[in-house]
Structure formats: C-alpha cells, structure tokens
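Peer 1: Just dropping this structure here.
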Amino acid sequence: MAKQKRDRNNLIALTGAAALVAIAVNFAISAINNKHRKTKDVPGSKVRVNLSASEIMKLAESIINKSKQVHDAVASVSLEKVGYVNVILPLAELEAQQFPLIQSCVFPKWLSASEDVRKASAEAERKIDAHITMCRKREDVYRVVKALTVTGDGLTTDAKSFTRFLVREFERNGVNLTLSKKEELQRLTANIDELSMQYIHNLDDDCSFLLFTDMELEGLPQEFLKSLERFEDGKRKIIMRSHQISPVLELCKVGSTRRAVAISYGHRCEANVTILEQLIQLRHKLARLLGFANYADYATDDRMAKSSSKVFEFLESLSASLNDLAYRELSMLKALKKKEEGESPFGMEDLSYYVKRIKDQQFHTNFGVIRQYFPINLVLSGIFKICQDLFGLGFKEVEGAAVWHPDVQLFSVSDLSSKELVGYFYLDLYSRVGKYAHTCVIALQNGLLSSGSRQIPVALLVSQFEKEVDGHPRLLQFSEVVNLFHEFGHVVHHICNCASFSKLSGLRLDPDFVEIPALLMENWCYESLSLRLISGFHQDITKPIKDDLCKSLKKWRCSFSALKLKQEIFYCLFDQIIHSTENVDINGLFKHLYPKVMVGLPLLRGINPASCFPRTAIGYEATCYSHIWSEVFAADIFASKFHDDIFNLQTGLQFRNKVLAPGIGKDPLEMLSDFIGREPSIQAFLDNRADIN
C-alpha cells in the first residue's frame, strides 16, 4: 500500500478533508525521503531484517542450541524442587526472546527479493519447526511442568494459565501416552498428513474443463472472455478452477451454462470421497487416543467454542433464525428467474447470478465509480485517523529504519494520552517478484508485560498492490478497502496486546477469537462518517464519497445474504457431523442434510461437494464454523457498543483494554461479556440482515 509519513500533531490538529490533504502531501514527501535514508536501530525490537542466507542459517542454529540448553536445564529440575523460577520463568523468557528471532529467520521466505535468502529462510523454518516439534514431545520436560500444576507454588493467575497451556500442548502431542500409543499416534499423524495432501493434490491435478460458444457465455465481460483459451471451432475453454467458475456462476445470463458448470465443478475428483472417509476414521482414532470422544471435540477443545455440542447449538440456532428471511429471498429470486428465463426451475446454480441481479437492481451500486474515491494513500491515512480517534493511538513513520525493500515503511505506535510507545508495525504493500501473493498480518514480536517491564509488539502487514497505475496512485476496489481494514484490525490487536506471557499474546490466540477484532473493524467501511474520512475523488481528494453511495454500500452489504449464509452453515454442519460421528455415509448425509438446511433450494443431481471441499481435508477440519462464529460476535459488539457513536474514544479505549490487551490468559467469552455487559448474542447479526431486507 501507500507510503505514509504522518506527523502526530497533524493527526491531532486536523480533521476531515483538510487533514487528508495534509497527510497525502506528507505521504508524497515520505516516498522521496525514503530513498535517501540511512538505517538505524529500532528501540525495543529484537526483529532482525536484511539477514543474508548464511546469517539466517547461523541464527537458526543458535536458536535451536539455546532452546535445547534451556529445555535440558528445565528437565534436570528435581520434581521435589519445581517452582516458578526454575521451570516456568526460563521457558517463558525463552519464548519471549526467541520468537522475534525465529520470525527474523522465517519471514524472508515470503518477502525477500533474493532467491538464495528465500531458500535459506525456508530451510531454517524447516529445521526450527522440527526442533519445536521435538521439544513439544519431550517427556522429561513435561513431567517437570506437570509436577508444578500439582504443587501450584503460589503461581499467579496468568502463570497458572501459561502452565496449563504448556501441559495441554504437551498432552495434545501425546507426551503422556504409553510407548505403544505414542507409536500409534505417530503412525496416525503420518497417515493423516499423507491422505490430506493426496486429497489436495487430486484437486490440483484435476484438468477437467467444458467448452462453450460465446453465445453460451453471454453476460461475461469481454476482458474475461479474451483471457480464456479458444479452440479452432470458436468455443472457449472453462477450466474447473474457482477463478473461472465464480465469474460464470455470477455473470453468465445463460441458465444451462451455469447449470453445466456447477454440475461439472461439483463432481470433480470423485476419488476424494473415499480419501475423506479414510481421513475421518483416522482422525477419530487419533482423538480417542488423546482422550476425546471424537475428532470434533478434540478440534474445538482449545478454542472459544470449547466443544462440538456448543458449535452445533450455535449453527442450528443461527440456521433456524434465518429460515423466514431465506424463504422470502428464495421467493423473490424465483420470481426474477421466471421473469427472465421462463418456467425453468430455480437451482443452486442460479443463486449467485440472481442475488447479484437483484442487488444491482435495488442499489445501483457501481463499484467502478466507487473505486475512484479510494486512492490507496488516502485510505491508509483515513485508517490511521480512525484508529487515532477510536483507540487513542498515534502513528509516526520511523525515519531511517532498516527495511528489506525501499517500498517498506516502519511505523511507531504511541498512546496519545501518555505518549508511551505501544508498538511498531511494518507496511510492505506493493507487488514485486518473489513476494507472497496475498494480504495478511504477520506477528514479528509479541507484546509482553511482566514484572513492570514491557516487551514491545511488532507486526508486519503484507499485501500485493500495484504501486502506481499510469503514473497515478493505485485506486482500491471496495473489497480491497474492506480487506485492508480487516488486516489493520489484526495490526491494532497485536500492537495493543500486553499479556504477561509472550506465548499467550498477539495473533497466536484462539482462532475463534482472533478474527473478531478484524471483522469488527470492517464495520467502519460501511458508515458514512468513516467512509467520508477514508475517501476522496482521485482527481480532487477534497471531495469525499457521496452520501447516497455510502447508504447504498451499507444496504448492499447484508441484502440477500440469508440463503448464501445458510449454504455456508450447511457446509459447517456437514463438517461438524462427519467429525463428531463414526461411520457416516457421506453421500447419504449430504442428501439428507441439504434439504433440511436449504429451505427449498434444490440440490443439483450428480454433485458431491465432499469430493471438492478442501477445508474438510486440511486446515479447517471440524472448524469450518469459525469464521461465522467470529462474524456473529463482531456484529454484536458493533451493534451494542459502537453503532450509535462510531468514534467514541471512551468505548474504543474500553475495547482496547478489556478485549485487545489481555491475551488468552483470560477466557475470551469472559472478556467479551465483560466488555458488552452480557453474554454475546446472535441477535444483532440477524437484526442487521432483517432490517436491510
């Protein structure tokens, strides 16, 4: 994203368009100055940048040797003499000291311009990961830590949480099992990994495609059609990949084409059904070996949901509450299809196309026009201003800091009231060869507050925007604006975190919880006040986005979302059932569950999403619910605390102190309940959709 230099006094003194003009000028100056700056140290940061390939490998060896030394020392403590000072403190200090060094070895593989450095970084990560895995299986260290949970030794509440975290980590790795069961666990894990990768490889290797005439692809943009391979007979090739399937299902006017594509896409890689069945059985065996009733309970045990039964309760309640709205949506969609295509029945292949048609008719939302109001520099300056006003944070570029590319910037973050340094974050926003291709936030150093001293958190926000287009600053698509707000929510969360232990802080938190602050931040993309703050017409940035466009975006956001949400809930329930029940007939379950959830939207014959549903194979097995879970809680927080005053500093500071700061030393549900004043509810999430529709 944009090069941004901002004087904190300007941020405080100026508001509205005047502030944005001043900030935009500062960004331009910063872009020039960066080319001539000299590097200097960053106080409080242990993160090392610009390491050579040999330096990375040397640092990795040093990390491993030091870790082994500390773990050996802890393991040597007599069980009668275990205590905080000789067991917990050394492990906690090791974690705090080594995490930024580990990240210094690892993050260059995503960002370095040097292929040698990227290779060294990947190799260092492999060695460090292997060592960490070995440490988590050390029975001698486990016995000592476990003994401390029995004696207690006057541990603080946070120290007890850290100790329990360590014990659970050991036991989820099977350290407390007999030798034969450890060997069985190792075999199960290896088989699961092998089958998961085979599932993904089958999808990656799938070469299936369909051919269509231009008439059969009516409605698709010329730019998209030109990108397709064309055969001698004039037909164009649609491969079964999401980047080609999604435009067809959303834009193609020909119902038979949408149907053919949906069916073909839905029965790829049928061999994956058998692989998934094998995976499920192996996962259940692994879970029982570790003391759980089923894999879903194992997967949710260390998350905010706590159990599979809680997930079922959440999903089923949400699904039932959406039924009436989903029925109304389906009736309107069917009526529109009948008007445009005659008596052909409405199917799941029509959902994306007709939802877009109705939304376009109702809101006239021209995203090409909207994009012209979001120059990247202006969006970034607006985000800074919003975080200043809402969370009491000041941002200032650190001039002369060492960075790995001239486009990268480092910012310090301070508390506006106390002027105390809160943390740092790097911005690496522009595309280049060899760089990681997605937008994300990487924790480089975790925050820590212990015995009166504080370790400063350091984050890194990565994206892949073009720096300039035809000599002008890049204009962001509205979806990119939302994504940038989301990731900045992660930055603020990481920067504001100050747990007592590094391992319990930052973005390494419970995945059910860690997405909530990021999803909460997205709400400021749909409020007129904040939209005007982050926008300005690219030819005259003193002219922010118009109110009618702001209102249209807000309505567009949640309109006709019930059916699509129920479709997502269906997949989440499917995932949860197969991972909580033995010997499930996957085909039978799919046919039985779909009509129960999808309120009259017929299932396409001949498809089996179990054959092309990679989240159940690797990465999100038994946890597909997590995004919806986080989205619902974020909606409740915004509606109950921010909706009536989106720039209320007092509320923002409460959120910062009660939700962002503590880490996982405290139960996430307790933190949210304390902030909201009651237990979180699904009602705000539902009301928002009902009101719009």
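Identifiers for the structure tokens are assigned positionally: chains receive A, B, ... in sequence, residues are indexed from 1 per chain, and ligands are indexed from 1 in the order shown.
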Skipping near chain neighbours, those fewer than 2 positions away, what residues fall within 6 Å of Tyr526 (chain A) using only C-alpha atoms, listed as a PyMOL selection string?

Peer 2: chain A and resi 523-524+554

Peer 1: What lies within 12 Å of Thr365 (chain A) using only C-alpha atoms, ignoring chain neighbours under 5 positions off, as number ranges by chain?

Peer 2: A: 356-360, 370-371, 478, 548-557

Peer 1: Next, dump the selected residues to file, keeping only N, CA and C atoms, as a PDB file, in the first residue's frame.

Peer 2:
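Wrote result_7.pdb, looks like this:
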ATOM      1  N   LYS A 356     -26.952 -11.323  -7.386  1.00  0.00           N
ATOM      2  CA  LYS A 356     -26.292 -10.136  -7.944  1.00  0.00           C
ATOM      3  C   LYS A 356     -27.273  -9.298  -8.759  1.00  0.00           C
ATOM      4  N   ARG A 357     -28.136  -9.956  -9.546  1.00  0.00           N
ATOM      5  CA  ARG A 357     -29.104  -9.221 -10.358  1.00  0.00           C
ATOM      6  C   ARG A 357     -30.027  -8.371  -9.483  1.00  0.00           C
ATOM      7  N   ILE A 358     -30.533  -8.960  -8.421  1.00  0.00           N
ATOM      8  CA  ILE A 358     -31.462  -8.212  -7.557  1.00  0.00           C
ATOM      9  C   ILE A 358     -30.736  -7.085  -6.837  1.00  0.00           C
ATOM     10  N   LYS A 359     -29.536  -7.357  -6.356  1.00  0.00           N
ATOM     11  CA  LYS A 359     -28.785  -6.311  -5.657  1.00  0.00           C
ATOM     12  C   LYS A 359     -28.444  -5.158  -6.599  1.00  0.00           C
ATOM     13  N   ASP A 360     -28.099  -5.489  -7.841  1.00  0.00           N
ATOM     14  CA  ASP A 360     -27.820  -4.437  -8.823  1.00  0.00           C
ATOM     15  C   ASP A 360     -29.066  -3.602  -9.101  1.00  0.00           C
ATOM     16  N   ILE A 370     -17.337   3.716  -7.547  1.00  0.00           N
ATOM     17  CA  ILE A 370     -16.932   3.762  -6.135  1.00  0.00           C
ATOM     18  C   ILE A 370     -15.416   3.700  -5.999  1.00  0.00           C
ATOM     19  N   ARG A 371     -14.782   2.898  -6.832  1.00  0.00           N
ATOM     20  CA  ARG A 371     -13.327   2.736  -6.764  1.00  0.00           C
ATOM     21  C   ARG A 371     -12.597   4.065  -6.936  1.00  0.00           C
ATOM     22  N   PHE A 478     -13.447  -1.613  -3.738  1.00  0.00           N
ATOM     23  CA  PHE A 478     -14.045  -1.515  -2.408  1.00  0.00           C
ATOM     24  C   PHE A 478     -13.758  -2.765  -1.580  1.00  0.00           C
ATOM     25  N   ASP A 548     -25.234   9.183  -0.873  1.00  0.00           N
ATOM     26  CA  ASP A 548     -26.103   8.165  -1.463  1.00  0.00           C
ATOM     27  C   ASP A 548     -25.322   6.882  -1.750  1.00  0.00           C
ATOM     28  N   LEU A 549     -24.037   7.015  -2.127  1.00  0.00           N
ATOM     29  CA  LEU A 549     -23.209   5.834  -2.328  1.00  0.00           C
ATOM     30  C   LEU A 549     -22.911   5.140  -1.003  1.00  0.00           C
ATOM     31  N   CYS A 550     -22.710   5.923   0.053  1.00  0.00           N
ATOM     32  CA  CYS A 550     -22.473   5.348   1.386  1.00  0.00           C
ATOM     33  C   CYS A 550     -23.674   4.517   1.827  1.00  0.00           C
ATOM     34  N   LYS A 551     -24.852   5.081   1.676  1.00  0.00           N
ATOM     35  CA  LYS A 551     -26.069   4.372   2.072  1.00  0.00           C
ATOM     36  C   LYS A 551     -26.272   3.124   1.224  1.00  0.00           C
ATOM     37  N   SER A 552     -25.970   3.238  -0.052  1.00  0.00           N
ATOM     38  CA  SER A 552     -26.117   2.097  -0.950  1.00  0.00           C
ATOM     39  C   SER A 552     -25.181   0.960  -0.554  1.00  0.00           C
ATOM     40  N   LEU A 553     -23.941   1.295  -0.193  1.00  0.00           N
ATOM     41  CA  LEU A 553     -22.978   0.270   0.228  1.00  0.00           C
ATOM     42  C   LEU A 553     -23.440  -0.442   1.489  1.00  0.00           C
ATOM     43  N   LYS A 554     -23.995   0.310   2.426  1.00  0.00           N
ATOM     44  CA  LYS A 554     -24.433  -0.294   3.685  1.00  0.00           C
ATOM     45  C   LYS A 554     -25.588  -1.266   3.447  1.00  0.00           C
ATOM     46  N   LYS A 555     -26.521  -0.878   2.592  1.00  0.00           N
ATOM     47  CA  LYS A 555     -27.640  -1.770   2.292  1.00  0.00           C
ATOM     48  C   LYS A 555     -27.167  -2.979   1.486  1.00  0.00           C
ATOM     49  N   TRP A 556     -26.280  -2.723   0.550  1.00  0.00           N
ATOM     50  CA  TRP A 556     -25.751  -3.796  -0.302  1.00  0.00           C
ATOM     51  C   TRP A 556     -25.059  -4.877   0.515  1.00  0.00           C
ATOM     52  N   ARG A 557     -24.406  -4.476   1.603  1.00  0.00           N
ATOM     53  CA  ARG A 557     -23.584  -5.394   2.395  1.00  0.00           C
ATOM     54  C   ARG A 557     -24.365  -6.623   2.858  1.00  0.00           C
TER      55      ARG A 557
END

Peer 1: Considering only C-alpha atoms, tabulate each residue of region 249-331 of chain A that lies at most 10 Å from region 668-678 of chain A along with its nearest interatomic pair and the corresponding distance in Å to one decimal; arrange the rows by chain and ascending residue number and present them as a Markdown table.

Peer 2:
| residue | atom | partner | partner_atom | distance |
| --- | --- | --- | --- | --- |
| A:Arg303 | CA | A:Pro668 | CA | 9.1 |
| A:Met304 | CA | A:Pro668 | CA | 6.4 |
| A:Ala305 | CA | A:Leu669 | CA | 9.0 |

Peer 1: Emit the selected residues as a compact mmCIF listing (two decimals), in the first residue's frame, including all heavy atoms.

Peer 2:
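Output saved as result-v8.txt:
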# COMPACT_ATOMS: atom_id res chain seq x y z
N ARG A 303 -10.42 -24.06 21.76
CA ARG A 303 -10.99 -22.87 21.13
C ARG A 303 -12.09 -22.29 22.00
O ARG A 303 -12.54 -22.89 22.97
CB ARG A 303 -11.57 -23.23 19.75
CG ARG A 303 -10.51 -23.54 18.69
CD ARG A 303 -11.16 -24.10 17.44
NE ARG A 303 -10.20 -24.18 16.34
CZ ARG A 303 -10.16 -23.34 15.31
NH1 ARG A 303 -11.03 -22.36 15.22
NH2 ARG A 303 -9.26 -23.48 14.36
N MET A 304 -12.54 -21.11 21.60
CA MET A 304 -13.58 -20.40 22.32
C MET A 304 -14.86 -21.22 22.43
O MET A 304 -15.56 -21.19 23.44
CB MET A 304 -13.86 -19.09 21.58
CG MET A 304 -14.71 -18.09 22.31
SD MET A 304 -14.76 -16.58 21.29
CE MET A 304 -16.09 -15.71 22.10
N ALA A 305 -15.16 -22.02 21.41
CA ALA A 305 -16.39 -22.83 21.40
C ALA A 305 -16.36 -23.93 22.46
O ALA A 305 -17.40 -24.33 22.97
CB ALA A 305 -16.61 -23.43 20.02

Peer 1: Tell me which of A:Lys435, A:Ala60, A:Ser78, A:Phe209 sits closest to Glu115 (chain A), counting only C-alpha atoms.

Peer 2: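 When distances to Glu115 (chain A) are compared using only C-alpha atoms, the smallest one comes from A:Lys435.
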
Peer 1: Measuring between only C-alpha atoms, which one of A:Tyr265, A:Val632, A:Glu232, A:Asp158 shows the shortest distance to Leu210 (chain A)?

Peer 2: A:Tyr265
